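Student: Sharing protein.csv below, CSV, C-alpha atoms:
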chain,number,residue,atom,x,y,z
A,1,MET,CA,40.4,-29.0,-27.2
A,2,LYS,CA,37.3,-29.4,-24.8
A,3,PHE,CA,35.3,-27.2,-27.2
A,4,LEU,CA,36.2,-29.2,-30.3
A,5,TYR,CA,32.9,-31.2,-30.0
A,6,LEU,CA,30.9,-28.0,-30.0
A,7,VAL,CA,32.8,-26.8,-33.1
A,8,ALA,CA,32.2,-30.1,-34.9
A,9,CYS,CA,28.5,-30.0,-34.0
A,10,ASN,CA,28.2,-26.6,-35.6
A,11,LEU,CA,29.7,-28.0,-38.8
A,12,ARG,CA,27.3,-30.9,-38.8
A,13,ARG,CA,24.3,-28.6,-38.5
A,14,LYS,CA,23.9,-28.2,-42.3
A,15,LYS,CA,25.6,-31.4,-43.6
A,16,LEU,CA,25.0,-30.7,-47.3
A,17,ARG,CA,26.3,-27.2,-47.1
A,18,THR,CA,29.4,-28.2,-45.2
A,19,LEU,CA,30.1,-31.1,-47.6
A,20,LEU,CA,29.9,-28.9,-50.6
A,21,THR,CA,32.2,-26.3,-49.0
A,22,LEU,CA,34.7,-29.1,-48.1
A,23,LEU,CA,34.6,-30.3,-51.7
A,24,SER,CA,35.2,-26.8,-53.0
A,25,ILE,CA,38.2,-26.3,-50.7
A,26,GLY,CA,39.4,-29.8,-51.5
A,27,ILE,CA,39.3,-29.1,-55.3
A,28,ALA,CA,41.2,-25.9,-54.8
A,29,PHE,CA,44.0,-27.6,-52.9
A,30,PHE,CA,44.0,-30.5,-55.3
A,31,LEU,CA,44.8,-28.1,-58.1
A,32,PHE,CA,47.3,-26.4,-55.8
A,33,GLY,CA,49.2,-29.7,-55.4
A,34,LEU,CA,49.0,-30.7,-59.1
A,35,LEU,CA,50.1,-27.2,-60.3
A,36,GLY,CA,53.1,-27.4,-57.9
A,37,ALA,CA,54.1,-30.8,-59.4
A,38,LEU,CA,53.7,-29.3,-62.9
A,39,LYS,CA,55.8,-26.3,-62.1
A,40,LEU,CA,58.5,-28.7,-60.7
A,41,ALA,CA,58.3,-30.8,-63.9
A,42,LEU,CA,58.8,-27.8,-66.2
A,43,THR,CA,61.4,-26.0,-64.1
A,44,GLY,CA,63.1,-28.9,-62.3
A,45,ASP,CA,66.4,-28.4,-64.1
A,46,VAL,CA,66.5,-24.9,-62.7
A,47,SER,CA,66.0,-26.1,-59.1
A,48,ILE,CA,68.8,-28.6,-59.2
A,49,ALA,CA,71.3,-26.3,-61.1
A,50,ASN,CA,74.6,-25.8,-59.2
A,51,ALA,CA,75.9,-22.4,-58.5
A,52,ASP,CA,79.4,-23.5,-59.5
A,53,ARG,CA,78.4,-24.8,-62.9
A,54,LEU,CA,78.4,-22.5,-66.0
A,55,MET,CA,77.2,-23.2,-69.5
A,56,THR,CA,79.2,-22.0,-72.5
A,57,ARG,CA,77.4,-22.0,-75.9
A,58,HIS,CA,77.4,-20.1,-79.2
A,59,LYS,CA,76.6,-16.4,-78.8
A,60,VAL,CA,73.8,-16.5,-81.3
A,61,SER,CA,71.8,-19.5,-80.3
A,62,ILE,CA,72.2,-22.9,-78.6
A,63,ILE,CA,71.4,-24.6,-82.0
A,64,GLN,CA,74.6,-23.1,-83.4
A,65,MET,CA,77.6,-25.5,-82.9
A,66,ILE,CA,81.0,-24.6,-81.5
A,67,PRO,CA,84.3,-26.4,-82.0
A,68,ILE,CA,85.2,-29.0,-79.4
A,69,SER,CA,88.8,-27.6,-79.6
A,70,TYR,CA,87.6,-24.8,-77.4
A,71,GLN,CA,87.6,-27.3,-74.5
A,72,ALA,CA,91.4,-27.1,-73.9
A,73,ARG,CA,91.3,-23.3,-74.0
A,74,ILE,CA,88.4,-23.2,-71.5
A,75,ALA,CA,90.2,-25.5,-69.2
A,76,ALA,CA,93.2,-23.2,-69.2
A,77,ILE,CA,91.1,-20.2,-67.9
A,78,PRO,CA,92.1,-19.3,-64.3
A,79,GLY,CA,89.3,-20.4,-61.9
A,80,VAL,CA,88.0,-23.3,-64.1
A,81,SER,CA,88.2,-26.6,-62.4
A,82,GLY,CA,86.5,-28.8,-64.9
A,83,VAL,CA,84.9,-28.8,-68.4
A,84,THR,CA,83.0,-31.3,-70.5
A,85,ALA,CA,81.2,-31.2,-73.8
A,86,GLN,CA,77.6,-32.0,-74.6
A,87,THR,CA,75.5,-32.1,-77.7
A,88,TRP,CA,71.8,-32.4,-78.2
A,89,PHE,CA,71.0,-35.6,-80.1
A,90,GLY,CA,67.2,-35.9,-80.1
A,91,GLY,CA,66.9,-39.6,-80.4
A,92,ILE,CA,63.7,-41.4,-81.2
A,93,TYR,CA,63.0,-45.0,-80.4
A,94,GLN,CA,60.8,-47.0,-82.9
A,95,ASP,CA,58.0,-44.4,-83.0
A,96,PRO,CA,58.1,-40.6,-83.2
A,97,LYS,CA,56.2,-40.4,-79.9
A,98,ASN,CA,59.0,-42.2,-78.2
A,99,PHE,CA,61.2,-39.2,-77.9
A,100,PHE,CA,63.5,-38.5,-74.9
A,101,ALA,CA,66.5,-36.5,-74.0
A,102,SER,CA,69.7,-38.1,-75.4
A,103,MET,CA,73.2,-36.7,-75.7
A,104,PRO,CA,76.7,-37.7,-76.6
A,105,VAL,CA,79.1,-36.9,-73.8
A,106,GLU,CA,82.6,-37.7,-72.5
A,107,PRO,CA,82.0,-40.4,-69.9
A,108,ASP,CA,84.5,-39.6,-67.2
A,109,GLU,CA,84.4,-35.9,-67.5
A,110,PHE,CA,80.6,-35.9,-67.6
A,111,LEU,CA,80.1,-38.0,-64.5
A,112,LYS,CA,82.6,-35.8,-62.6
A,113,MET,CA,80.6,-32.8,-63.7
A,114,TYR,CA,77.3,-34.2,-62.6
A,115,PRO,CA,77.6,-36.2,-59.4
A,116,GLU,CA,73.8,-36.2,-59.1
A,117,PHE,CA,73.9,-39.0,-61.7
A,118,VAL,CA,74.9,-42.1,-59.7
A,119,VAL,CA,76.6,-44.9,-61.7
A,120,SER,CA,78.2,-48.0,-60.3
A,121,ASP,CA,81.9,-48.6,-60.8
A,122,ALA,CA,81.2,-51.7,-62.9
A,123,HIS,CA,78.9,-49.7,-65.3
A,124,ARG,CA,81.4,-46.9,-65.5
A,125,GLN,CA,84.1,-49.3,-66.6
A,126,ALA,CA,81.8,-50.9,-69.1
A,127,TRP,CA,81.0,-47.5,-70.6
A,128,ARG,CA,84.7,-46.7,-71.0
A,129,THR,CA,85.4,-49.9,-72.9
A,130,THR,CA,82.3,-50.1,-75.1
A,131,ARG,CA,82.5,-47.7,-78.0
A,132,ASN,CA,78.8,-47.7,-78.7
A,133,GLY,CA,77.9,-48.1,-75.0
A,134,ALA,CA,75.1,-46.1,-73.4
A,135,ILE,CA,74.2,-45.2,-69.8
A,136,VAL,CA,70.4,-45.0,-69.3
A,137,GLY,CA,68.3,-43.6,-66.5
A,138,ARG,CA,66.2,-45.9,-64.4
A,139,THR,CA,62.9,-44.3,-65.4
A,140,LEU,CA,63.6,-44.7,-69.1
A,141,MET,CA,64.7,-48.3,-68.6
A,142,GLU,CA,61.4,-49.1,-66.9
A,143,ARG,CA,59.4,-47.2,-69.6
A,144,PHE,CA,60.6,-49.5,-72.4
A,145,ASN,CA,61.4,-52.6,-70.3
A,146,TRP,CA,65.1,-52.4,-71.3
A,147,LYS,CA,67.8,-54.2,-69.5
A,148,VAL,CA,71.6,-54.0,-69.4
A,149,GLY,CA,73.0,-55.7,-72.5
A,150,ASP,CA,70.2,-54.8,-74.8
A,151,ARG,CA,71.1,-53.3,-78.2
A,152,ILE,CA,68.9,-50.3,-78.9
A,153,PRO,CA,68.4,-48.6,-82.3
A,154,LEU,CA,67.7,-44.9,-82.2
A,155,SER,CA,66.9,-42.6,-85.1
A,156,ALA,CA,68.1,-39.0,-85.2
A,157,PRO,CA,66.7,-36.9,-88.0
A,158,ILE,CA,69.1,-34.1,-87.4
A,159,TRP,CA,72.1,-36.4,-87.1
A,160,ARG,CA,72.6,-38.8,-89.9
A,161,HIS,CA,75.5,-41.1,-90.6
A,162,ALA,CA,78.0,-40.2,-93.3
A,163,ASP,CA,76.2,-42.7,-95.7
A,164,GLY,CA,72.9,-41.0,-95.1
A,165,ARG,CA,71.4,-43.5,-92.5
A,166,ASP,CA,69.6,-41.9,-89.6
A,167,ALA,CA,69.6,-45.0,-87.4
A,168,TRP,CA,72.2,-45.4,-84.7
A,169,GLU,CA,72.7,-48.6,-82.6
A,170,PHE,CA,73.7,-48.5,-79.0
A,171,GLU,CA,74.4,-51.1,-76.4
A,172,ILE,CA,73.1,-50.4,-72.9
A,173,VAL,CA,76.1,-51.0,-70.6
A,174,GLY,CA,74.7,-49.5,-67.4
A,175,THR,CA,72.0,-47.4,-65.7
A,176,TYR,CA,72.1,-44.4,-63.5
A,177,GLU,CA,70.2,-43.5,-60.4
A,178,ALA,CA,69.4,-40.1,-58.9
A,179,ALA,CA,71.3,-38.7,-56.0
A,180,ARG,CA,68.3,-36.4,-55.3
A,181,LYS,CA,64.6,-36.9,-56.0
A,182,SER,CA,64.4,-34.0,-58.3
A,183,VAL,CA,67.0,-35.4,-60.7
A,184,ASP,CA,65.7,-36.6,-64.1
A,185,THR,CA,66.2,-40.3,-64.6
A,186,SER,CA,64.7,-40.5,-68.1
A,187,GLN,CA,67.8,-39.5,-70.1
A,188,PHE,CA,70.1,-41.5,-72.5
A,189,PHE,CA,73.8,-40.8,-72.6
A,190,PHE,CA,76.4,-42.2,-75.0
A,191,ARG,CA,80.0,-41.6,-76.0
A,192,TYR,CA,80.9,-38.5,-78.0
A,193,ASP,CA,83.8,-40.2,-79.9
A,194,TYR,CA,81.4,-42.9,-81.3
A,195,PHE,CA,78.9,-40.1,-82.3
A,196,ASP,CA,81.5,-37.8,-83.9
A,197,GLU,CA,83.1,-40.6,-85.9
A,198,GLY,CA,79.8,-41.7,-87.3
A,199,ARG,CA,78.0,-38.5,-88.1
A,200,GLY,CA,78.2,-37.0,-91.6
A,201,GLN,CA,78.2,-33.3,-90.8
A,202,ASN,CA,79.6,-30.8,-88.3
A,203,LYS,CA,82.4,-33.1,-87.2
A,204,GLY,CA,84.5,-31.8,-84.3
A,205,THR,CA,81.7,-29.6,-83.0
A,206,ILE,CA,79.4,-29.7,-79.9
A,207,SER,CA,76.3,-27.8,-78.7
A,208,TRP,CA,77.7,-26.5,-75.4
A,209,PHE,CA,80.3,-26.9,-72.6
A,210,ALA,CA,79.4,-27.5,-69.0
A,211,VAL,CA,82.1,-25.6,-67.0
A,212,ARG,CA,82.8,-26.0,-63.3
A,213,VAL,CA,84.4,-23.1,-61.4
A,214,SER,CA,86.5,-23.5,-58.3
A,215,ASP,CA,84.8,-20.5,-56.6
A,216,ALA,CA,81.1,-19.9,-57.2
A,217,ALA,CA,81.5,-16.3,-56.0
A,218,ARG,CA,83.7,-15.6,-59.0
A,219,ALA,CA,81.3,-17.2,-61.5
A,220,ASP,CA,80.5,-13.8,-63.2
A,221,ALA,CA,84.1,-12.8,-63.6
A,222,ILE,CA,85.0,-16.3,-65.0
A,223,SER,CA,82.1,-16.1,-67.4
A,224,ALA,CA,83.3,-12.8,-68.7
A,225,ALA,CA,86.9,-14.2,-69.1
A,226,LEU,CA,85.6,-17.2,-71.0
A,227,ASP,CA,83.7,-15.0,-73.5
A,228,ARG,CA,86.6,-12.6,-73.9
A,229,GLU,CA,88.8,-15.7,-74.9
A,230,PHE,CA,86.6,-16.3,-77.9
A,231,ALA,CA,85.6,-12.7,-78.8
A,232,ASN,CA,85.9,-11.7,-82.4
A,233,SER,CA,86.4,-15.3,-83.5
A,234,ALA,CA,84.3,-17.2,-86.0
A,235,TYR,CA,82.5,-18.9,-83.0
A,236,GLU,CA,81.9,-16.3,-80.3
A,237,THR,CA,80.4,-17.6,-77.1
A,238,LYS,CA,78.0,-16.7,-74.4
A,239,THR,CA,78.6,-18.1,-70.9
A,240,GLU,CA,75.9,-18.0,-68.2
A,241,PRO,CA,75.1,-19.8,-65.0
A,242,GLU,CA,73.5,-23.2,-65.5
A,243,ALA,CA,70.3,-22.1,-63.8
A,244,ALA,CA,70.0,-19.2,-66.2
A,245,MET,CA,70.3,-21.4,-69.2
A,246,MET,CA,67.7,-23.9,-67.8
A,247,GLN,CA,65.4,-21.0,-67.0
A,248,GLY,CA,65.6,-19.9,-70.6
A,249,PHE,CA,64.5,-23.4,-71.8
A,250,ALA,CA,61.6,-23.3,-69.3
A,251,GLN,CA,60.4,-19.9,-70.3
A,252,GLN,CA,60.1,-20.9,-73.9
A,253,VAL,CA,56.6,-22.0,-73.0
A,254,GLY,CA,56.0,-18.8,-70.9
A,255,ASP,CA,56.6,-17.6,-67.4
A,256,ILE,CA,55.5,-20.8,-65.6
A,257,GLY,CA,55.6,-19.1,-62.1
A,258,ALA,CA,53.4,-16.2,-63.2
A,259,ILE,CA,50.9,-18.5,-65.0
A,260,ILE,CA,50.5,-20.9,-62.0
A,261,THR,CA,50.3,-18.0,-59.5
A,262,GLY,CA,47.5,-16.4,-61.6
A,263,ILE,CA,45.5,-19.6,-61.8
A,264,LEU,CA,45.9,-20.3,-58.1
A,265,GLY,CA,45.0,-16.7,-57.2
A,266,ALA,CA,41.7,-16.9,-59.1
A,267,VAL,CA,40.9,-20.3,-57.5
A,268,PHE,CA,41.6,-19.3,-54.0
A,269,PHE,CA,39.8,-16.0,-54.3
A,270,THR,CA,36.7,-17.9,-55.3
A,271,ILE,CA,37.1,-20.4,-52.4
A,272,LEU,CA,37.5,-17.5,-50.0
A,273,LEU,CA,34.1,-16.2,-51.0
A,274,VAL,CA,32.5,-19.6,-50.7
A,275,SER,CA,34.0,-20.5,-47.3
A,276,GLY,CA,33.3,-17.0,-46.0
A,277,ASN,CA,29.7,-17.2,-47.0
A,278,THR,CA,29.3,-20.6,-45.3
A,279,ILE,CA,30.7,-19.4,-42.0
A,280,THR,CA,28.7,-16.2,-42.1
A,281,GLN,CA,25.5,-18.0,-42.7
A,282,GLY,CA,26.3,-20.4,-39.9
A,283,VAL,CA,26.9,-17.6,-37.4
A,284,ARG,CA,23.6,-15.9,-38.5
A,285,GLU,CA,21.7,-19.0,-37.9
A,286,ARG,CA,23.1,-19.4,-34.4
A,287,THR,CA,22.5,-15.8,-33.2
A,288,GLU,CA,20.2,-16.9,-30.4
A,289,GLU,CA,22.6,-19.7,-29.4
A,290,ILE,CA,25.5,-17.2,-29.3
A,291,GLY,CA,23.4,-15.0,-27.0
A,292,VAL,CA,22.7,-18.0,-24.7
A,293,LEU,CA,26.4,-18.9,-24.6
A,294,LYS,CA,27.3,-15.4,-23.6
A,295,ALA,CA,24.6,-15.4,-20.9
A,296,LEU,CA,26.1,-18.6,-19.5
A,297,GLY,CA,29.5,-16.9,-19.2
A,298,PHE,CA,31.3,-17.4,-22.5
A,299,THR,CA,33.5,-14.4,-23.0
A,300,ASN,CA,33.7,-12.5,-26.2
A,301,THR,CA,37.2,-13.8,-26.8
A,302,LEU,CA,36.0,-17.4,-26.4
A,303,VAL,CA,33.2,-16.9,-28.8
A,304,LEU,CA,35.7,-15.3,-31.3
A,305,GLY,CA,37.9,-18.4,-30.9
A,306,LEU,CA,35.1,-20.8,-31.4
A,307,VAL,CA,34.0,-19.2,-34.8
A,308,LEU,CA,37.7,-19.0,-36.0
A,309,ALA,CA,38.2,-22.7,-34.9
A,310,GLU,CA,35.2,-23.7,-36.9
A,311,SER,CA,36.4,-21.8,-40.0
A,312,CYS,CA,40.0,-23.2,-39.6
A,313,LEU,CA,38.7,-26.8,-39.1
A,314,LEU,CA,36.7,-26.5,-42.3
A,315,ALA,CA,39.7,-25.2,-44.3
A,316,VAL,CA,42.1,-27.8,-42.9
A,317,LEU,CA,39.8,-30.8,-43.5
A,318,GLY,CA,39.1,-29.8,-47.1
A,319,GLY,CA,42.7,-28.8,-47.7
A,320,VAL,CA,44.2,-32.0,-46.3
A,321,GLY,CA,41.8,-34.0,-48.4
A,322,GLY,CA,42.6,-32.1,-51.6
A,323,LEU,CA,46.4,-31.9,-51.1
A,324,GLY,CA,46.5,-35.5,-50.0
A,325,ALA,CA,44.7,-36.6,-53.1
A,326,ALA,CA,47.3,-34.7,-55.3
A,327,TRP,CA,50.2,-36.2,-53.3
A,328,LEU,CA,48.8,-39.7,-53.8
A,329,MET,CA,48.2,-39.1,-57.5
A,330,THR,CA,51.8,-38.1,-58.0
A,331,ILE,CA,53.6,-40.5,-55.7
A,332,GLY,CA,53.6,-43.2,-58.3
A,333,GLY,CA,55.5,-41.2,-60.8
A,334,SER,CA,54.7,-39.1,-63.8
A,335,PRO,CA,51.7,-40.0,-66.0
A,336,LEU,CA,53.6,-38.6,-69.0
A,337,PRO,CA,57.3,-39.6,-68.4
A,338,SER,CA,58.3,-38.6,-71.9
A,339,LEU,CA,57.1,-35.0,-71.3
A,340,LEU,CA,57.2,-34.6,-67.5
A,341,PRO,CA,60.0,-36.9,-66.3
A,342,VAL,CA,60.1,-35.4,-62.8
A,343,PHE,CA,56.6,-35.1,-61.4
A,344,TYR,CA,55.8,-35.0,-57.7
A,345,VAL,CA,54.6,-32.5,-55.1
A,346,PRO,CA,57.7,-31.1,-53.5
A,347,THR,CA,57.9,-30.9,-49.7
A,348,PRO,CA,58.1,-27.1,-49.6
A,349,HIS,CA,54.9,-26.9,-51.6
A,350,LEU,CA,53.2,-29.2,-49.1
A,351,MET,CA,54.3,-27.0,-46.2
A,352,LEU,CA,53.1,-23.9,-48.1
A,353,GLY,CA,49.8,-25.7,-48.6
A,354,ALA,CA,49.5,-26.3,-44.9
A,355,GLY,CA,50.1,-22.6,-44.2
A,356,LEU,CA,47.5,-21.6,-46.8
A,357,MET,CA,44.9,-23.9,-45.1
A,358,VAL,CA,45.3,-22.0,-41.8
A,359,ALA,CA,45.4,-18.6,-43.5
A,360,LEU,CA,42.3,-19.5,-45.5
A,361,GLY,CA,40.5,-20.5,-42.3
A,362,LEU,CA,41.5,-17.3,-40.4
A,363,ILE,CA,40.7,-15.0,-43.3
A,364,THR,CA,37.2,-16.5,-44.0
A,365,GLY,CA,36.3,-16.7,-40.3
A,366,ALA,CA,37.6,-13.2,-39.3
A,367,LEU,CA,34.5,-11.1,-40.2
A,368,PRO,CA,31.8,-13.5,-38.9
A,369,ALA,CA,34.0,-14.1,-35.8
A,370,LEU,CA,34.2,-10.4,-35.1
A,371,GLN,CA,30.4,-10.1,-35.6
A,372,ALA,CA,29.8,-12.9,-33.1
A,373,MET,CA,32.2,-11.4,-30.6
A,374,ARG,CA,30.5,-7.9,-30.7
A,375,LEU,CA,27.0,-9.3,-30.5
A,376,GLY,CA,25.4,-8.4,-27.3
A,377,VAL,CA,23.3,-10.8,-25.3
A,378,SER,CA,20.1,-8.8,-25.4
A,379,GLU,CA,20.5,-8.0,-29.0
A,380,ALA,CA,21.1,-11.7,-29.9
A,381,LEU,CA,18.0,-12.9,-28.0
A,382,ARG,CA,15.8,-10.0,-29.4
A,383,ARG,CA,16.7,-10.9,-33.0
A,384,GLN,CA,15.2,-14.4,-32.6
A,385,ALA,CA,12.3,-13.3,-30.6
Take the structure from the file and write it as structure tokens.
Tutor:
Amino acid sequence: MKFLYLVACNLRRKKLRTLLTLLSIGIAFFLFGLLGALKLALTGDVSIANADRLMTRHKVSIIQMIPISYQARIAAIPGVSGVTAQTWFGGIYQDPKNFFASMPVEPDEFLKMYPEFVVSDAHRQAWRTTRNGAIVGRTLMERFNWKVGDRIPLSAPIWRHADGRDAWEFEIVGTYEAARKSVDTSQFFFRYDYFDEGRGQNKGTISWFAVRVSDAARADAISAALDREFANSAYETKTEPEAAMMQGFAQQVGDIGAIITGILGAVFFTILLVSGNTITQGVRERTEEIGVLKALGFTNTLVLGLVLAESCLLAVLGGVGGLGAAWLMTIGGSPLPSLLPVFYVPTPHLMLGAGLMVALGLITGALPALQAMRLGVSEALRRQA
């Protein structure tokens, strides 16, 4: 640490150049943080998917309905410990832009299947006893300034009443919190029996079943048994792990991981060139000084360490600034809760960013550091003579 002052002085030698390099590195890590939050927002359901949960849907497509009568047959399959039905509702509140995930479910079975949705006992009981009752996530409640007891009208163009109306009225009887930070709290759940009684078409059908298995290691075998149960029927099924189904939804907009990796690769390659050029120029400008340091007794290894320390300090200062700015920008929640309900920089991404800062510093400083280490005293003094 006693040489830190010397390293800092070298960075202050060309203040404008150092500042521009810091800004370039900062922008790169700012994008790194934001893209990490975006990836989480688009694939968050995949990251929280449980290995012991399966999804059973129509073999052709998820938009094809299957009979709810399948539920009892699924529950009877050996290895199945729980099953609950879900249906996509697609509710809209007042304006088409106010669209959010909404589904009719079976209250008790649903909450057993998804313990990550935390609902108080009082709200659970109110949901059981209120036919048009709904449980709403905290984020969605805050978005529209709703409160428990409010009566909320939703329209659903794909689900109309038997008399042709597309407006449905619900009473908010409770809220749910997230057991983990990555859980989406912008959803709206209501009772399946109320929905099925009121709709005018496809009565007695659902979109998919969530199935819990007693042994996650046997998930593939149980999936095959479930699909064999309904083979050659009018509604054949496809069963897959919850994560696979969520991944399919995410990949409808493309391979998110590959897209983000490509963008970051291009950004960091450019920053590598910028930072490397800055350090190389600094070493060249200090050729005589390096010769003097070696004449005073500084070893080749120490000179190598000083140049690498300078490069790493530059990368860390810029990286911390950029990644910190991204973290501060996302800590307050999503700027677009309707589209990106879960939006923050995950801790593993922050740790990866810290590693990239050090790696960037070492890589950009490696060549100029080796040049400085190999520089002889007489050669260094002769270059400046």
Student: A:Thr364, A:Ala85, A:Ser207, A:Ala354: which is nearest A:Thr270, counting all atoms listed in the file?
Tutor: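 Closest residue, counting all atoms listed in the file: A:Thr364.
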Student: Contacts of stretch 305-311 of chain A at 6 Å or less, counting only C-alpha atoms, minus same-chain residues fewer than 3 places along, as a PyMOL selection string?
Tutor: chain A and resi 7+302+314+361+365+369
Student: Quick one: distance from atom CA of A:Ala326 to atom CA of A:Leu34 in Å, one decimal?
Tutor: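 Computed distance, atom CA of A:Ala326 to atom CA of A:Leu34, equals 5.8 Å.
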Student: Here is a test: counting only C-alpha atoms, which residue of A:Val303, A:Ala216, A:Leu350, A:Ala210 is nearest to A:Lys112?
Tutor: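 The answer is A:Ala210, which sits nearest to A:Lys112.
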Student: Distance atom CA of A:Leu264-atom CA of A:Leu31, one decimal place?
Tutor: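 Atom CA of A:Leu31 lies at a distance of 7.9 Å from atom CA of A:Leu264.
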Student: To one decimal place, how far is atom CA of A:Arg180 from atom CA of A:Gly91 in Å?
Tutor: 25.3 Å
Student: Hey, what's within 6 Å of stretch 103-107 of chain A if we count all atoms listed in the file and toss same-chain stuff fewer than 2 positions away? As a count of residues only, please?
Tutor: 10
Student: Check the smallest atom-to-atom distance from each of A:Arg13, A:Lys147, A:Arg218, A:Arg124 to A:Leu111 using only C-alpha atoms, then report the winner.
Tutor: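 Checking each candidate against A:Leu111, we get A:Arg124 as the closest.
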Student: Excluding A:Trp208 and any residue of its chain fewer than 5 positions from it, enumerate the residues within 10 Å of it, using only C-alpha atoms, and give them as a VMD selection string.
Tutor: chain A and resid 55 to 58 62 to 68 71 84 to 88 237 to 239
Student: So which residues are close to (31.6, -23.8, -54.9), meaning at most 9 Å away in the file's coordinates with all atoms listed in the file counted, and can you show them as a count of residues only?
Tutor: 10
Student: Could you check the closest approach to A:Lys14 for each of A:Asn300, A:Thr278, A:Gln187, A:Ser120 and tell me which residue wins, using only C-alpha atoms?
Tutor: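 Checking each candidate against A:Lys14, we get A:Thr278 as the closest.
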